[in-house]
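Enquirer: Pasting a structure below so you can have a look.
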Amino acid sequence: MKIRVNNQDIELESEQAAKSLMQFLREDLGLTGVKNGCNIGACGVCTILVDNTPVRACKKLVQDVVGHELLTIEGMAQADGVLHPLQQAFIDAGAIQCGFCTPGMVLVAHAFLLKNSKPTREQIRKAIMGNLCRCTGYQQIVDAIEMASKFYQ
Amino acid sequence: MLKTGSFTPAWRHDAVAKVTGSAKYTDDLVFPNMVHAVPVYADYVHAKINAIDTSEAEKLPGVIRVITAKDVIGKIYWGQINRDYAMLAAEKIRYHGDVCALVVAETRDAAVLAAQKVKIDVIELPPILAVEKALEDPTNLVHEANKTNLVNHHKIRRGDVTRGFANADFILEHKFTTQFIEHGYLEPETAVCVPRYDGVMEVYGSMQHPFSTRRFVAAILGAKLSDVEVLAVPMGGGFGGKDDTAAIVCARTALAARLINRPVKMTYDREWSIRESYKRHPYIVYYKMGVTKEAKINAVQCKIYADAGAYTSVTPWVTWRSTVQCCGPYEVANVYCDTYGVYTNNVFTGAMRGFGSPQINFMVEQLVEMAAEKLGISAIEFRKRNLVKQGSITITEQKLDQHVVSSREVLEKVITAIDYETKIKNCSHGKCADGNDELYGIGIANSYRGMSLGAEGIDFCAAIINGQFDGSILLEVGMHENGQGAESAMILILAEQLGVKKERIRYRRSSTSQIADSGTTVASRATLMGGGAVTIAASNLKQHMAELLAAELGCKPEAVKFQNDNLYGNDGKVLTWEQAVHKLFLKQAYPYAFGVFQAPRVSWDEETGSGNAYFTWVYACQAVELTVNRKTGKVKILNVVAAHDVGKAINPAMLLGQFYGGITQGIGYALFEEVVMRDGKIITNNFNTYKIPRATDVPDITGIIVENHDPLSPSKAKGIGEPALELMAPAIANAIYNATGARHFSLPIKKAI
């Protein structure tokens, strides 16, 4: 059993298959950018991408993603630390406050921009509506996604 | 000076860590040999505890120990004001979130499993759930020793209200109610405590008051303050909610760590967080306002009941602010106000962004519009005749002459920016064109707000600047980074004060063992108090450096200029920052300074309700446009404009982020957020049932930054966190009225029609 996480192949131990994907990523792989906010799939802070589609890691088991390609926030920047333009846009737009929703927001925005690189602000708001943020009022997150969209065109 | 919400590139020193996932929050921390603790609740809201049987739970695999109140080394009861909170329930259960035991196990899963096996034997008592009834019935008490369910009583006795009402031309009298609100920080409570080799208990946790946390931890351990070290960790939001509960979670975790002598982590599930953590106070208010035909508010009488829930927490302070600000930003000569905090068996209530002002503003800002309508004048004109102005005396006899009173300025800026005068004429007032179901309305609200703690408490803050030999600078301030960008603001203030690049400055991870106790990071005080301490420390450092280097710069110490990373003297003499620091070390002197900002004196007389309540005030105005569907009653927010006088903008993009975030929380408060309880038990215990605003619930917001530098603030800046939230509910209520013709006296306004 194999999964690919942030461009690395991971060989799974058999007892890991039934584990919560969120726990596996956080505890077994140390990818703590996957946050736990509600554990019922309601807040979106554990969002990761599976084959570039947003998935709530708290709602999945490891076995659900065997053979698939996973991206967590830790895989967004280049290996040498250079930020993805979308990450840089989050910083420049002031879209980060406490930062707890940020990993999930960046990933859900990334998946959205891969599909729609010329979005309206209304479309951006709809795309991130499943991810809660209590700090920013979303406006600067929308700004960031709008700013970054040109890099996806 | 006016800046609009156009794009300004943002900067914060922790942004890269947060956007790459490398920022480690408390639950991300792992220590060798670490184990896990979880709380044990009992399904009662009011009960006498007979016995707690932990034997079955302790037999389960992986369980190390089950801890109850009898294991507490130090104090069981603690609190910031009254020490009435049992950190582990001892003889009684007082609300549904009381923690009766802790299970410590090798894994969290094992602990969760064992928690279900702890047996709690009780005698149930009749629950006390309604505040007015709680006051009337002295036989059923939440805390027997108190002999009453009253937590506190604040008063204002100004002028003569009987005459005030007699001389009024009409009287408005209404009852208003507001709801319990959950803070909704996305990171639930969490703590890791590590018993250190030297006997110190190291505490990592999600909290906004490290110094209070240290007191709670020291209390439960029976330890000295110097034997507890609380270290700052990135924190996933607080909004006032990570004061008491967060400290208590840390205290219990520390107890477990001390008892088993291993690092212990306790991370809450969302359901536990919502069940146990304190909420915003629901209010019941009986409000009477007398108005003259000259459009002056002549008298106000109000009776305010705040549900404190099971514990005092900071109820006396929250309700004090409501009392001081009970007439909104208006001059009123005759005021008679009674405010009661009341114990019940509901979830306890405490600090939440706004701290007693959102409830009051919801009422006052509707009443002024009702008064204007009765007089047949515009709501703006009515406000202008009553707003506090330069030199006004507040209802607590404070003269507003120490700073620029910009109540009118913020109002006028919002009216112009949103084109209120045109749009108010287009409101539907319950009628809309055929074939159109959307009723349109615009609404506005004003506020003033006393800054920082005021007469609530001791208000001072420390900063340490520790310049290094290579020219780099370490900065530490007694304020906490709650996510709002406080540390970044401190860096920017220091860079400006020293005339150096911000890249020189590293914010040192705060520790309660290093920086002096500067109080809690609440009350919109981080920039005001922390920035004040940084400014004073910088001034001390500059004086120290100038005295030692003046001779080399060929001038008097007071003539040395700190600019562009250089020190300038006379005749073109200049030292780079590095050269200056080197020379200091050669003189066996450190580029080191300590700074303390002591808030100017405030005063309060509890009997008359008078005094200089706060040393400075901020002024704000917000307006909103919305539609109400006349069939479904659904509200859609179309546009928001907000103007806030912040003294001075330090980090404009982060400042606007406070506008947007506060307004969005205000929209939730106005329209749908509510902690629903049945028989004292919370039903809305996760984000699927407790709804907070989503990206589609809010429009783009225009923020207007008004800067009238405050002479009593060393950095000239004031604050924004809470003012941003406190106005949206009344602005929305007024807009809904202008759309539908229906007044709403109760929050949330779930159905506007």
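Naming scheme: A, B, ... for chains in displayed order of the structure tokens; residues 1 onward per chain; ligands 1 onward as shown.
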Taking only C-alpha atoms into account, report as a ChimeraX atom specification which residues of chain A lie within 8 Å of chain B.
Expert: /A:26,31-34,36-39,42-43,45,73-74,76-77,83,87,90-103,106,122,125-126,128-140
Enquirer: Could those selected residues go to a file with C-alpha atoms, as a compact mmCIF listing (two decimals), in the first residue's frame?
Expert:
```
# COMPACT_ATOMS: atom_id res chain seq x y z
CA ARG A 26 -0.26 15.01 11.82
CA LEU A 31 2.61 17.33 8.83
CA THR A 32 1.07 19.57 11.49
CA GLY A 33 -0.02 22.17 8.95
CA VAL A 34 -3.09 19.93 8.80
CA ASN A 36 -7.92 20.00 13.73
CA GLY A 37 -10.73 22.46 14.32
CA CYS A 38 -13.94 20.46 14.66
CA ASN A 39 -13.23 16.83 13.67
CA ALA A 42 -17.54 21.47 9.38
CA CYS A 43 -14.71 24.02 9.57
CA VAL A 45 -8.95 23.73 8.72
CA ILE A 73 0.44 22.98 2.98
CA GLU A 74 3.96 21.69 3.61
CA MET A 76 3.15 24.14 -1.49
CA ALA A 77 6.49 25.93 -1.32
CA LEU A 83 6.96 30.39 -1.63
CA GLN A 87 1.29 31.81 -0.50
CA PHE A 90 -1.74 35.59 1.19
CA ILE A 91 1.11 37.43 2.91
CA ASP A 92 0.99 40.53 0.71
CA ALA A 93 -2.79 40.88 0.96
CA GLY A 94 -2.75 40.65 4.76
CA ALA A 95 -4.85 37.49 4.59
CA ILE A 96 -3.20 35.93 7.62
CA GLN A 97 -4.09 36.64 11.23
CA CYS A 98 -4.05 33.73 13.66
CA GLY A 99 -3.10 31.44 10.80
CA PHE A 100 -5.13 28.45 11.91
CA CYS A 101 -7.37 28.45 8.83
CA THR A 102 -4.54 29.50 6.50
CA PRO A 103 -3.27 26.05 5.38
CA VAL A 106 -4.46 28.19 0.69
CA GLU A 122 -18.21 36.29 -5.95
CA ARG A 125 -16.24 33.65 -2.02
CA LYS A 126 -18.29 30.63 -3.09
CA ILE A 128 -13.95 29.17 0.02
CA MET A 129 -17.33 29.17 1.73
CA GLY A 130 -16.73 25.72 3.22
CA ASN A 131 -13.65 26.97 5.05
CA LEU A 132 -14.27 29.01 8.17
CA CYS A 133 -12.14 31.92 9.29
CA ARG A 134 -12.99 33.81 12.48
CA CYS A 135 -10.28 36.49 12.25
CA THR A 136 -10.15 38.13 8.84
CA GLY A 137 -13.74 38.57 7.69
CA TYR A 138 -12.47 36.85 4.51
CA GLN A 139 -11.91 40.08 2.56
CA GLN A 140 -8.12 39.94 2.41
```
Enquirer: Can you pull out every residue from segment 293-389 of chain B that DSSP, working from the backbone, puts in strand (DSSP E), and format the result as number ranges by chain?
Expert: B: 297-309, 334-343
Enquirer: What does the distance between atom CA of Val151 of chain B and atom CA of Asn334 of chain B come to in Å, to one decimal place?
Expert: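 Computing it gives 26.2 Å between the two atoms.
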Enquirer: Which is closer to Lys60 of chain A than all the others in A:Val82, A:Val108, A:Ala18, A:Met1, using only C-alpha atoms?
Expert: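 Ranked by minimum distance to Lys60 of chain A, first place goes to A:Ala18.
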Enquirer: Measuring between only C-alpha atoms, which one of A:Ala127, A:Met105, A:Leu12, A:Ala148 shows the shortest distance to Val62 of chain A?
Expert: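 For Val62 of chain A, the nearest of the given residues is A:Leu12.
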Enquirer: Please provide as a ChimeraX atom specification all residues within 10 Å of Asn33 of chain B, with the sequence filter that same-chain residues fewer than 3 positions apart are discarded (counting only C-alpha atoms).
Expert: /B:30,106,262-264
Enquirer: Write out the residues from the selection above, keeping N, CA and C atoms, as a compact mmCIF listing (two decimals), in the first residue's frame.
Expert:
```
# COMPACT_ATOMS: atom_id res chain seq x y z
N VAL B 30 5.38 18.14 20.50
CA VAL B 30 5.58 16.78 21.01
C VAL B 30 6.83 16.78 21.88
N GLU B 106 -1.62 6.87 28.18
CA GLU B 106 -0.49 6.87 27.25
C GLU B 106 -0.89 7.48 25.90
N ARG B 262 5.54 13.63 34.19
CA ARG B 262 5.83 13.46 32.77
C ARG B 262 5.18 14.62 32.02
N PRO B 263 5.68 14.93 30.81
CA PRO B 263 4.98 15.94 30.01
C PRO B 263 3.57 15.46 29.67
N VAL B 264 2.62 16.36 29.80
CA VAL B 264 1.22 16.01 29.52
C VAL B 264 0.64 17.02 28.53
```
Enquirer: Applying 12 Å and only C-alpha atoms, which residues near Glu11 of chain A remain after dropping the ones on its own chain fewer than 6 positions away? List them as a VMD selection string.
Expert: chain A and resid 1 to 5 17 28 to 29 62 66 to 67
Enquirer: Would you mind exporting the chosen residues as an mmCIF file, in the first residue's frame, restricted to C-alpha atoms?
Expert:
```cif
data_model
loop_
_atom_site.group_PDB
_atom_site.id
_atom_site.type_symbol
_atom_site.label_atom_id
_atom_site.label_comp_id
_atom_site.auth_asym_id
_atom_site.auth_seq_id
_atom_site.Cartn_x
_atom_site.Cartn_y
_atom_site.Cartn_z
ATOM 1 C CA MET A 1 0.000 0.000 0.000
ATOM 2 C CA LYS A 2 1.380 3.321 -1.074
ATOM 3 C CA ILE A 3 0.301 6.916 -1.076
ATOM 4 C CA ARG A 4 2.138 9.902 -2.414
ATOM 5 C CA VAL A 5 2.320 12.894 -0.090
ATOM 6 C CA ALA A 17 -4.824 1.925 6.884
ATOM 7 C CA ASP A 28 2.774 9.722 11.747
ATOM 8 C CA LEU A 29 4.155 12.115 9.130
ATOM 9 C CA VAL A 62 -5.867 6.476 5.265
ATOM 10 C CA VAL A 66 -4.320 4.663 -1.050
ATOM 11 C CA GLY A 67 -2.814 5.056 -4.502
#
```
Enquirer: Could you jot down the atom CA of Cys326 of chain B to atom CA of Asn738 of chain B separation for me, Å, one decimal place?
Expert: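 According to the coordinates, atom CA of Cys326 of chain B and atom CA of Asn738 of chain B are separated by 24.3 Å.
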Enquirer: Would you list, as a list of chain:residue names, the residues of segment 50-105 of chain A that end up in helix (DSSP H, G or I) under DSSP run on this structure's backbone?
Expert: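 Here is the list: A:Ala57, A:Cys58, A:Lys59, A:Val62, A:Gln63, A:Asp64, A:Val65, A:Ile73, A:Glu74, A:Gly75, A:Pro85, A:Leu86, A:Gln87, A:Gln88, A:Ala89, A:Phe90, A:Ile91, A:Asp92, A:Thr102, A:Pro103, A:Gly104, A:Met105.
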Enquirer: For the selection you just gave me, I'd like the residues written to a file as a PDB file, in the first residue's frame, keeping C-alpha atoms.
Expert:
```
ATOM      1  CA  ALA A  57      -8.703  14.947   6.261  1.00  0.00           C
ATOM      2  CA  CYS A  58     -10.759  14.463   9.447  1.00  0.00           C
ATOM      3  CA  LYS A  59     -13.511  12.745   7.467  1.00  0.00           C
ATOM      4  CA  VAL A  62      -5.867   6.476   5.265  1.00  0.00           C
ATOM      5  CA  GLN A  63      -7.250   3.560   3.237  1.00  0.00           C
ATOM      6  CA  ASP A  64      -9.563   5.954   1.380  1.00  0.00           C
ATOM      7  CA  VAL A  65      -6.581   7.632  -0.296  1.00  0.00           C
ATOM      8  CA  ILE A  73       0.442  22.977   2.981  1.00  0.00           C
ATOM      9  CA  GLU A  74       3.965  21.687   3.615  1.00  0.00           C
ATOM     10  CA  GLY A  75       4.171  20.746  -0.078  1.00  0.00           C
ATOM     11  CA  PRO A  85       2.826  32.752  -5.606  1.00  0.00           C
ATOM     12  CA  LEU A  86      -0.468  31.997  -3.871  1.00  0.00           C
ATOM     13  CA  GLN A  87       1.293  31.814  -0.504  1.00  0.00           C
ATOM     14  CA  GLN A  88       3.077  35.088  -1.229  1.00  0.00           C
ATOM     15  CA  ALA A  89      -0.257  36.645  -2.162  1.00  0.00           C
ATOM     16  CA  PHE A  90      -1.736  35.585   1.192  1.00  0.00           C
ATOM     17  CA  ILE A  91       1.110  37.426   2.914  1.00  0.00           C
ATOM     18  CA  ASP A  92       0.987  40.532   0.713  1.00  0.00           C
ATOM     19  CA  THR A 102      -4.541  29.496   6.505  1.00  0.00           C
ATOM     20  CA  PRO A 103      -3.268  26.051   5.385  1.00  0.00           C
ATOM     21  CA  GLY A 104      -6.762  24.874   4.455  1.00  0.00           C
ATOM     22  CA  MET A 105      -7.624  28.207   2.826  1.00  0.00           C
TER      23      MET A 105
END
```
Enquirer: Between atom CA of Lys133 of chain B and atom CA of Phe180 of chain B, what is the distance, to one decimal in Å?
Expert: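 Atom CA of Phe180 of chain B lies at a distance of 18.0 Å from atom CA of Lys133 of chain B.
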Enquirer: What's the 10 Å shell around Asn346 of chain B, counting only C-alpha atoms, without same-chain residues fewer than 3 positions away, as a list in words?
Expert: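 The residues that qualify are Val45, His46, Arg94, Tyr95, His96, Gly97, Pro127, Ile128, Leu129, Ala130, Val131, Phe180, Tyr278, Asp307, Ala308, Gly309, Ala310, Tyr311, Tyr343, Thr349, Met677, Arg678, Asp679, Gly680, Lys681 and Ile682 of chain B.
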Enquirer: Let me make sure I understand: among B:Val404, B:Leu255, B:Val596, B:Ala166, which one has the smallest atom-to-atom distance to Cys461 of chain B if we use only C-alpha atoms?
Expert: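 Closest candidate: B:Val596.
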Enquirer: Find the residues around Ala526 of chain B up to 8 Å (only C-alpha atoms counted), leave out those fewer than 6 positions away in its own chain, and share them as JSON, numbers by chain.
Expert: {"B": [479, 480, 486, 719]}
Enquirer: Mind dumping the selected residues with N, CA and C atoms as a JSON list (two decimals), in the first residue's frame?
Expert:
```
[["chain", "number", "residue", "atom", "x", "y", "z"],
["B", 479, "MET", "N", 2.88, 42.00, 26.02],
["B", 479, "MET", "CA", 1.60, 41.73, 25.36],
["B", 479, "MET", "C", 1.71, 40.40, 24.61],
["B", 480, "HIS", "N", 0.58, 39.80, 24.33],
["B", 480, "HIS", "CA", 0.57, 38.47, 23.73],
["B", 480, "HIS", "C", 0.10, 38.52, 22.29],
["B", 486, "ALA", "N", 0.04, 41.58, 16.94],
["B", 486, "ALA", "CA", 0.58, 42.46, 17.99],
["B", 486, "ALA", "C", 2.10, 42.53, 17.93],
["B", 719, "GLY", "N", -6.48, 51.83, 19.58],
["B", 719, "GLY", "CA", -6.76, 50.40, 19.37],
["B", 719, "GLY", "C", -7.97, 50.22, 18.48]]
```
Enquirer: Could you list, as a count of residues only, every residue within 7 Å of Gly478 of chain B, counting only C-alpha atoms and ignoring same-chain residues fewer than 3 positions away?
Expert: 8
Enquirer: Which residue out of A:Leu25, A:Ala144, A:Cys46, A:Ala79 has the minimum interatomic distance to His110 of chain A when only C-alpha atoms are used?
Expert: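 Using only C-alpha atoms, the shortest distance to His110 of chain A belongs to A:Ala144.
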